[in-house]
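Data file: model.cif. Format and content: mmCIF, C-alpha atoms.
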data_final
#
loop_
_atom_site.group_PDB
_atom_site.id
_atom_site.type_symbol
_atom_site.label_atom_id
_atom_site.label_comp_id
_atom_site.auth_asym_id
_atom_site.auth_seq_id
_atom_site.Cartn_x
_atom_site.Cartn_y
_atom_site.Cartn_z
ATOM 1 C CA MET A 1 53.132 -98.059 2.566
ATOM 2 C CA LEU A 2 55.054 -99.529 5.471
ATOM 3 C CA HIS A 3 58.423 -98.295 6.699
ATOM 4 C CA PRO A 4 61.182 -100.135 4.771
ATOM 5 C CA ASN A 5 62.651 -101.630 7.972
ATOM 6 C CA ILE A 6 59.584 -103.815 8.508
ATOM 7 C CA GLU A 7 58.962 -107.370 7.370
ATOM 8 C CA LEU A 8 56.211 -109.976 7.575
ATOM 9 C CA ARG A 9 56.755 -112.909 9.941
ATOM 10 C CA LYS A 10 54.596 -115.786 11.094
ATOM 11 C CA ILE A 11 53.859 -115.654 14.820
ATOM 12 C CA ASN A 12 52.085 -118.990 15.315
ATOM 13 C CA ASP A 13 49.215 -121.007 13.875
ATOM 14 C CA GLU A 14 46.615 -119.367 16.104
ATOM 15 C CA ILE A 15 47.482 -115.713 15.500
ATOM 16 C CA GLY A 16 49.006 -116.088 12.057
ATOM 17 C CA TYR A 17 51.252 -113.304 10.773
ATOM 18 C CA GLY A 18 52.461 -109.963 12.054
ATOM 19 C CA VAL A 19 54.837 -107.206 10.972
ATOM 20 C CA PHE A 20 58.182 -106.819 12.734
ATOM 21 C CA ALA A 21 60.983 -104.270 12.771
ATOM 22 C CA THR A 22 64.189 -105.490 11.148
ATOM 23 C CA LYS A 23 66.116 -102.552 12.643
ATOM 24 C CA PRO A 24 65.394 -100.143 15.503
ATOM 25 C CA ILE A 25 62.666 -97.622 14.651
ATOM 26 C CA PRO A 26 62.935 -94.499 16.830
ATOM 27 C CA LEU A 27 60.112 -92.609 18.507
ATOM 28 C CA GLY A 28 58.620 -90.140 16.031
ATOM 29 C CA THR A 29 59.204 -92.269 12.927
ATOM 30 C CA ILE A 30 56.333 -92.563 10.463
ATOM 31 C CA THR A 31 55.651 -96.295 10.333
ATOM 32 C CA TRP A 32 52.874 -96.373 7.730
ATOM 33 C CA ALA A 33 51.331 -93.959 5.235
ATOM 34 C CA LEU A 34 48.475 -94.313 2.789
ATOM 35 C CA ASP A 35 49.717 -94.552 -0.769
ATOM 36 C CA PRO A 36 47.989 -94.631 -4.173
ATOM 37 C CA LEU A 37 48.138 -98.439 -4.431
ATOM 38 C CA ASP A 38 46.009 -98.928 -1.301
ATOM 39 C CA GLN A 39 42.403 -99.743 -2.176
ATOM 40 C CA ILE A 40 39.727 -97.344 -0.906
ATOM 41 C CA LEU A 41 36.328 -99.039 -0.832
ATOM 42 C CA ASP A 42 32.837 -98.060 0.164
ATOM 43 C CA CYS A 43 32.097 -99.575 3.560
ATOM 44 C CA HIS A 44 29.104 -101.471 2.179
ATOM 45 C CA ALA A 45 31.400 -103.368 -0.189
ATOM 46 C CA ALA A 46 32.002 -105.852 2.624
ATOM 47 C CA GLU A 47 28.304 -106.543 3.122
ATOM 48 C CA ASP A 48 28.249 -109.527 0.796
ATOM 49 C CA PRO A 49 25.287 -111.866 1.396
ATOM 50 C CA GLU A 50 27.070 -114.703 -0.369
ATOM 51 C CA ASP A 51 30.302 -114.043 1.567
ATOM 52 C CA GLN A 52 32.317 -114.545 -1.572
ATOM 53 C CA TYR A 53 35.426 -113.226 0.177
ATOM 54 C CA ASN A 54 35.036 -115.641 3.129
ATOM 55 C CA GLY A 55 35.352 -112.746 5.575
ATOM 56 C CA ASP A 56 38.760 -111.669 4.260
ATOM 57 C CA LEU A 57 37.564 -108.221 3.257
ATOM 58 C CA THR A 58 36.491 -107.310 6.789
ATOM 59 C CA ARG A 59 39.466 -109.155 8.277
ATOM 60 C CA TYR A 60 42.061 -107.199 6.323
ATOM 61 C CA THR A 61 40.449 -103.756 6.059
ATOM 62 C CA TRP A 62 39.849 -100.906 8.449
ATOM 63 C CA VAL A 63 37.220 -98.185 8.367
ATOM 64 C CA THR A 64 37.895 -94.460 8.135
ATOM 65 C CA ALA A 65 35.891 -91.681 9.763
ATOM 66 C CA ASN A 66 33.896 -91.191 6.563
ATOM 67 C CA GLY A 67 32.938 -94.860 6.281
ATOM 68 C CA GLN A 68 35.447 -95.952 3.643
ATOM 69 C CA ARG A 69 37.339 -99.209 3.902
ATOM 70 C CA ILE A 70 41.102 -99.188 3.386
ATOM 71 C CA LEU A 71 42.681 -102.356 2.034
ATOM 72 C CA CYS A 72 46.460 -102.042 2.202
ATOM 73 C CA TRP A 73 48.195 -103.510 -0.820
ATOM 74 C CA ASP A 74 51.317 -104.380 1.204
ATOM 75 C CA PHE A 75 51.968 -106.062 4.567
ATOM 76 C CA GLY A 76 50.218 -103.235 6.383
ATOM 77 C CA ARG A 77 47.052 -105.343 6.367
ATOM 78 C CA PHE A 78 48.783 -107.832 8.692
ATOM 79 C CA MET A 79 49.416 -105.373 11.526
ATOM 80 C CA ASN A 80 47.980 -106.825 14.729
ATOM 81 C CA HIS A 81 46.264 -105.209 17.679
ATOM 82 C CA SER A 82 47.852 -104.455 21.035
ATOM 83 C CA CYS A 83 46.356 -102.699 24.046
ATOM 84 C CA ASP A 84 49.847 -101.201 24.441
ATOM 85 C CA ALA A 85 50.320 -100.339 20.770
ATOM 86 C CA ASN A 86 53.556 -98.759 19.582
ATOM 87 C CA SER A 87 52.075 -97.059 16.496
ATOM 88 C CA TYR A 88 49.106 -94.667 16.291
ATOM 89 C CA GLY A 89 47.645 -92.333 13.696
ATOM 90 C CA PRO A 90 46.952 -88.621 14.350
ATOM 91 C CA GLY A 91 43.267 -87.776 14.089
ATOM 92 C CA GLY A 92 42.189 -87.151 10.505
ATOM 93 C CA TYR A 93 45.526 -88.019 8.877
ATOM 94 C CA PRO A 94 46.270 -91.224 6.918
ATOM 95 C CA PHE A 95 49.578 -92.153 8.507
ATOM 96 C CA GLU A 96 50.850 -93.762 11.700
ATOM 97 C CA ILE A 97 53.782 -92.791 13.861
ATOM 98 C CA ALA A 98 55.913 -94.694 16.371
ATOM 99 C CA VAL A 99 54.888 -93.447 19.826
ATOM 100 C CA ARG A 100 57.927 -95.011 21.488
ATOM 101 C CA ASP A 101 61.220 -96.526 20.402
ATOM 102 C CA ILE A 102 60.629 -99.857 18.643
ATOM 103 C CA ALA A 103 63.438 -102.377 18.970
ATOM 104 C CA ALA A 104 64.730 -104.615 16.210
ATOM 105 C CA ASP A 105 62.631 -107.824 16.065
ATOM 106 C CA GLU A 106 59.769 -106.154 17.953
ATOM 107 C CA GLU A 107 56.298 -106.486 16.457
ATOM 108 C CA LEU A 108 54.653 -103.284 15.238
ATOM 109 C CA THR A 109 51.136 -102.964 16.575
ATOM 110 C CA CYS A 110 48.192 -100.604 16.469
ATOM 111 C CA ASP A 111 45.030 -100.350 18.553
ATOM 112 C CA TYR A 112 41.998 -101.628 16.662
ATOM 113 C CA ALA A 113 39.757 -99.314 18.678
ATOM 114 C CA THR A 114 41.240 -96.447 16.628
ATOM 115 C CA LEU A 115 40.294 -98.224 13.380
ATOM 116 C CA ASN A 116 36.535 -98.345 13.873
ATOM 117 C CA LEU A 117 36.250 -101.886 15.093
ATOM 118 C CA GLU A 118 32.712 -102.987 14.281
ATOM 119 C CA LYS A 119 32.123 -105.741 16.834
ATOM 120 C CA PRO A 120 33.725 -106.609 20.188
ATOM 121 C CA LEU A 121 36.504 -109.169 20.030
ATOM 122 C CA VAL A 122 38.558 -111.077 22.562
ATOM 123 C CA CYS A 123 42.104 -109.733 22.754
ATOM 124 C CA GLN A 124 45.212 -111.922 22.541
ATOM 125 C CA CYS A 125 47.849 -109.197 22.828
ATOM 126 C CA GLY A 126 49.293 -110.398 26.151
ATOM 127 C CA SER A 127 50.089 -106.868 27.337
ATOM 128 C CA PRO A 128 49.908 -106.086 31.074
ATOM 129 C CA ARG A 129 47.516 -103.325 29.965
ATOM 130 C CA CYS A 130 45.307 -105.751 28.026
ATOM 131 C CA ARG A 131 41.655 -104.725 28.127
ATOM 132 C CA GLY A 132 40.507 -108.333 27.651
ATOM 133 C CA VAL A 133 37.784 -107.513 25.147
ATOM 134 C CA ILE A 134 38.217 -104.770 22.563
ATOM 135 C CA ASN A 135 35.020 -102.812 22.049
ATOM 136 C CA PRO A 136 34.000 -100.405 19.287
ATOM 137 C CA LYS A 137 33.519 -97.571 21.802
ATOM 138 C CA ASP A 138 36.877 -98.027 23.550
ATOM 139 C CA LEU A 139 38.200 -95.094 21.565
ATOM 140 C CA LYS A 140 36.440 -92.631 23.866
ATOM 141 C CA ASP A 141 38.296 -94.049 26.857
ATOM 142 C CA ILE A 142 41.747 -94.375 25.317
ATOM 143 C CA ALA A 143 41.710 -91.142 23.281
ATOM 144 C CA PRO A 144 43.275 -88.860 25.946
ATOM 145 C CA THR A 145 46.263 -91.192 26.371
ATOM 146 C CA CYS A 146 46.591 -91.728 22.616
ATOM 147 C CA ASP A 147 46.568 -87.984 21.971
ATOM 148 C CA ILE A 148 49.389 -87.373 24.449
ATOM 149 C CA LEU A 149 51.483 -90.169 22.918
ATOM 150 C CA ILE A 150 50.901 -88.949 19.357
ATOM 151 C CA ARG A 151 51.582 -85.293 20.074
ATOM 152 C CA THR A 152 54.767 -86.169 21.968
ATOM 153 C CA ALA A 153 55.916 -88.368 19.087
ATOM 154 C CA CYS A 154 55.212 -85.607 16.575
ATOM 155 C CA THR A 155 57.660 -83.283 18.361
ATOM 156 C CA ARG A 156 60.373 -85.722 17.242
ATOM 157 C CA ILE A 157 59.231 -86.106 13.664
ATOM 158 C CA HIS A 158 61.899 -83.787 12.232
ATOM 159 C CA GLU A 159 64.656 -85.272 14.390
ATOM 160 C CA VAL A 160 64.630 -88.772 12.907
ATOM 161 C CA THR A 161 64.994 -90.246 9.436
ATOM 162 C CA GLN A 162 61.635 -90.398 7.631
ATOM 163 C CA PRO A 163 61.646 -92.691 4.564
ATOM 164 C CA LEU A 164 57.874 -92.216 4.211
ATOM 165 C CA TRP A 165 57.826 -88.447 4.567
ATOM 166 C CA HIS A 166 57.118 -87.764 0.881
ATOM 167 C CA TRP A 167 53.976 -89.926 1.024
ATOM 168 C CA VAL A 168 52.662 -87.891 3.946
ATOM 169 C CA VAL A 169 53.495 -84.483 2.485
ATOM 170 C CA ASN A 170 52.107 -85.350 -0.956
ATOM 171 C CA GLN A 171 48.689 -86.095 0.550
ATOM 172 C CA ASN A 172 48.577 -83.396 3.228
ATOM 173 C CA LYS A 173 50.152 -80.120 2.154
ATOM 174 C CA GLU A 174 49.481 -78.487 5.526
ATOM 175 C CA ILE A 175 50.987 -81.306 7.603
ATOM 176 C CA ASP A 176 54.422 -79.740 8.010
ATOM 177 C CA HIS A 177 52.907 -76.654 9.620
ATOM 178 C CA ILE A 178 50.708 -78.717 11.925
ATOM 179 C CA LEU A 179 53.584 -80.887 13.078
ATOM 180 C CA HIS A 180 55.486 -77.785 14.152
ATOM 181 C CA HIS A 181 52.524 -77.092 16.442
ATOM 182 C CA PRO A 182 51.739 -80.478 18.049
ATOM 183 C CA ASP A 183 49.026 -79.052 20.304
ATOM 184 C CA SER A 184 46.987 -78.360 17.169
ATOM 185 C CA ILE A 185 47.038 -81.993 16.013
ATOM 186 C CA PRO A 186 43.444 -83.263 16.082
ATOM 187 C CA SER A 187 42.434 -85.922 18.598
ATOM 188 C CA VAL A 188 42.222 -89.561 17.529
ATOM 189 C CA MET A 189 38.493 -89.124 18.138
ATOM 190 C CA LYS A 190 38.435 -87.564 14.681
ATOM 191 C CA HIS A 191 38.897 -91.120 13.328
ATOM 192 C CA TRP A 192 35.635 -92.284 14.868
ATOM 193 C CA TRP A 193 32.827 -93.495 12.647
ATOM 194 C CA LEU A 194 29.798 -95.360 13.973
ATOM 195 C CA PRO A 195 27.324 -96.909 11.543
ATOM 196 C CA ALA A 196 23.715 -96.661 12.588
ATOM 197 C CA GLN A 197 23.323 -100.435 12.735
ATOM 198 C CA PRO A 198 26.667 -102.267 12.598
ATOM 199 C CA THR A 199 26.145 -105.669 11.057
ATOM 200 C CA ILE A 200 29.656 -106.799 10.166
ATOM 201 C CA THR A 201 31.865 -108.854 12.459
ATOM 202 C CA HIS A 202 35.408 -107.496 12.435
ATOM 203 C CA ASN A 203 37.663 -110.525 12.759
ATOM 204 C CA ARG A 204 41.174 -109.133 13.040
ATOM 205 C CA ILE A 205 42.267 -110.761 16.291
ATOM 206 C CA GLY A 206 45.324 -112.003 14.458
ATOM 207 C CA SER A 207 46.313 -112.141 10.816
#
Go ahead and render the structure in this file as structure tokens.
Amino acid sequence: MLHPNIELRKINDEIGYGVFATKPIPLGTITWALDPLDQILDCHAAEDPEDQYNGDLTRYTWVTANGQRILCWDFGRFMNHSCDANSYGPGGYPFEIAVRDIAADEELTCDYATLNLEKPLVCQCGSPRCRGVINPKDLKDIAPTCDILIRTACTRIHEVTQPLWHWVVNQNKEIDHILHHPDSIPSVMKHWWLPAQPTITHNRIGS
């Protein structure tokens, strides 16, 4: 479930679509939360020898730490990568939070290295911090910075309006206590899952 002040827009023919803020979204705002309509699939569901989905399943899903694929039912599946992402998810929790103020008309982005990217891909984010090629093991390098951003954002979580708060609380009864103690929030490394022999090309350069 995406924040209500987000809409789908076409970027260009090469990248495709992205999700953009229709109003300012302050630091500490929950931008996305897993909800019951999202599809949770076994990771091997995408290993289709006949490719009957034409790669769409791997293009529009991400992999959790326990090897499940999440297929968002809403526009969340169109969120693009940035090496300077403005939305990250705390380790082990199915939601994302704005790690800086997001302006109206700004694209919401995440870092695919936190979503168990299965194959390297060339980045098109255009950020001054662009890593050029996004690799599955980038998470180890970016985790310290991500953790600082997330824990700082979580100190603001009760200071801003949270339209998605009930989705988060309903799935994680202990979350309110944890967010009052940001230092206890698990590292994004808790998201990491590495298959023994990755065979699937993740193709989410753009949507």
Where's the centre, and what are the edge lengths in Å to one decimal, of a box along x, y and z enclosing all listed atoms of range 135-143 of chain A padded 5 Å per side, as JSON?
{"center_x": 37.6, "center_y": -97.0, "center_z": 23.1, "size_x": 18.2, "size_y": 21.7, "size_z": 17.6}
Please provide the set of residues having any atom within 7 Å of Met189 in chain A, restricted to all atoms listed in the file, with same-chain residues fewer than 2 positions apart removed, written as a short mmCIF file (atom, residue, chain, number, x, y, z; two decimals) with C-alpha atoms, in the coordinates of the input.
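Written out: selection_14.cif:
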data_model
loop_
_atom_site.label_atom_id
_atom_site.label_comp_id
_atom_site.auth_asym_id
_atom_site.auth_seq_id
_atom_site.Cartn_x
_atom_site.Cartn_y
_atom_site.Cartn_z
CA GLY A 91 43.27 -87.78 14.09
CA LEU A 139 38.20 -95.09 21.56
CA ALA A 143 41.71 -91.14 23.28
CA SER A 187 42.43 -85.92 18.60
CA HIS A 191 38.90 -91.12 13.33
CA TRP A 192 35.64 -92.28 14.87
#
Checklist entry - What residues come out when you apply the PyMOL selection byres ((chain A and resi 23) around 7) to this file, written as a count of residues only? => result 7
Checklist entry - Taking the file as shown, what set of residues would the PyMOL selection byres ((chain A and resi 9) around 10) give back, as a ChimeraX atom specification? => result /A:6-8,10-12,16-20,75,78,105,107
Could you write out the selected residues, including C-alpha atoms, as a PDB file, in the frame of the given file?
ATOM      1  CA  ILE A   6      59.584-103.815   8.508  1.00  0.00           C
ATOM      2  CA  GLU A   7      58.962-107.370   7.370  1.00  0.00           C
ATOM      3  CA  LEU A   8      56.211-109.976   7.575  1.00  0.00           C
ATOM      4  CA  LYS A  10      54.596-115.786  11.094  1.00  0.00           C
ATOM      5  CA  ILE A  11      53.859-115.654  14.820  1.00  0.00           C
ATOM      6  CA  ASN A  12      52.085-118.990  15.315  1.00  0.00           C
ATOM      7  CA  GLY A  16      49.006-116.088  12.057  1.00  0.00           C
ATOM      8  CA  TYR A  17      51.252-113.304  10.773  1.00  0.00           C
ATOM      9  CA  GLY A  18      52.461-109.963  12.054  1.00  0.00           C
ATOM     10  CA  VAL A  19      54.837-107.206  10.972  1.00  0.00           C
ATOM     11  CA  PHE A  20      58.182-106.819  12.734  1.00  0.00           C
ATOM     12  CA  PHE A  75      51.968-106.062   4.567  1.00  0.00           C
ATOM     13  CA  PHE A  78      48.783-107.832   8.692  1.00  0.00           C
ATOM     14  CA  ASP A 105      62.631-107.824  16.065  1.00  0.00           C
ATOM     15  CA  GLU A 107      56.298-106.486  16.457  1.00  0.00           C
TER      16      GLU A 107
END
Item to check | Within 8 Å of range 156-161 of chain A using all atoms listed in the file, minus same-chain residues under 2 positions, as a ChimeraX atom specification | outcome: /A:26-30,152-154,163,179
Checklist entry - In Å, with one decimal, what is the gap from CA of Val122 in chain A to CA of Pro144 in chain A? => result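 We find that CA of Val122 in chain A and CA of Pro144 in chain A lie 23.0 Å from each other.
Across the structure, CA of Pro182 in chain A and CA of Arg151 in chain A are spaced 5.2 Å apart.
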Checklist outcome for this item: Nearest to Tyr88 in chain A, restricted to all atoms listed in the file and choosing among A:Val168, A:Cys72, A:Leu108, A:Leu34, comes out as A:Leu108
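When all atoms listed in the file are used to measure the gap to Thr114 in chain A, the shortest distance among A:Arg69, A:Lys140, A:His3, A:His166 belongs to A:Lys140.
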Next on the checklist: One number please: CA of Leu149 in chain A to CA of Ile40 in chain A, in Å, one decimal.
Outcome noted: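 If I compute the distance from CA of Leu149 in chain A to CA of Ile40 in chain A, I get 27.5 Å.
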Which residues fall under the PyMOL selection byres ((chain A and resi 125-131) around 8) in this file, as a short mmCIF file (atom, residue, chain, number, x, y, z; two decimals) with C-alpha atoms, in the frame of the given file?
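Final output, saved to result03.cif:
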data_model
loop_
_atom_site.label_atom_id
_atom_site.label_comp_id
_atom_site.auth_asym_id
_atom_site.auth_seq_id
_atom_site.Cartn_x
_atom_site.Cartn_y
_atom_site.Cartn_z
CA HIS A 81 46.26 -105.21 17.68
CA SER A 82 47.85 -104.46 21.04
CA CYS A 83 46.36 -102.70 24.05
CA ASP A 84 49.85 -101.20 24.44
CA CYS A 123 42.10 -109.73 22.75
CA GLN A 124 45.21 -111.92 22.54
CA GLY A 132 40.51 -108.33 27.65
CA VAL A 133 37.78 -107.51 25.15
CA ILE A 134 38.22 -104.77 22.56
#
Near Cys146 in chain A, counting only C-alpha atoms, which residues have an atom at most 8 Å away, once you skip same-chain residues fewer than 4 positions from it, shown as a compact mmCIF listing (two decimals) with C-alpha atoms, in the frame of the given file?
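Once everything was written out, this is part_11.txt:
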# COMPACT_ATOMS: atom_id res chain seq x y z
CA TYR A 88 49.11 -94.67 16.29
CA ILE A 142 41.75 -94.38 25.32
CA ILE A 150 50.90 -88.95 19.36
CA VAL A 188 42.22 -89.56 17.53
Checklist entry - Taking into account all atoms listed in the file, which residue in the set A:Leu57, A:Ala98, A:Tyr93, A:Ser87 is nearest to Gln162 in chain A? => result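 When distances to Gln162 in chain A are compared using all atoms listed in the file, the smallest one comes from A:Ala98.
For the residues A:Gly76, A:Gly67, A:Pro120, A:Pro4, ranking by smallest atom-to-atom distance to Lys137 in chain A using all atoms listed in the file places A:Pro120 first.
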Checklist entry - Taking all atoms listed in the file into account, which of A:Pro90, A:Ala33, A:Asn80, A:Glu96 comes nearest Asp111 in chain A? => result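 Checking each of A:Pro90, A:Ala33, A:Asn80, A:Glu96 against Asp111 in chain A, counting all atoms listed in the file, the winner is A:Asn80.
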Item to check | Counting only C-alpha atoms, the residue of A:Met1, A:Ala85, A:Leu117, A:Val169 that sits nearest Thr58 in chain A | outcome: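 Closest residue, counting only C-alpha atoms: A:Leu117.
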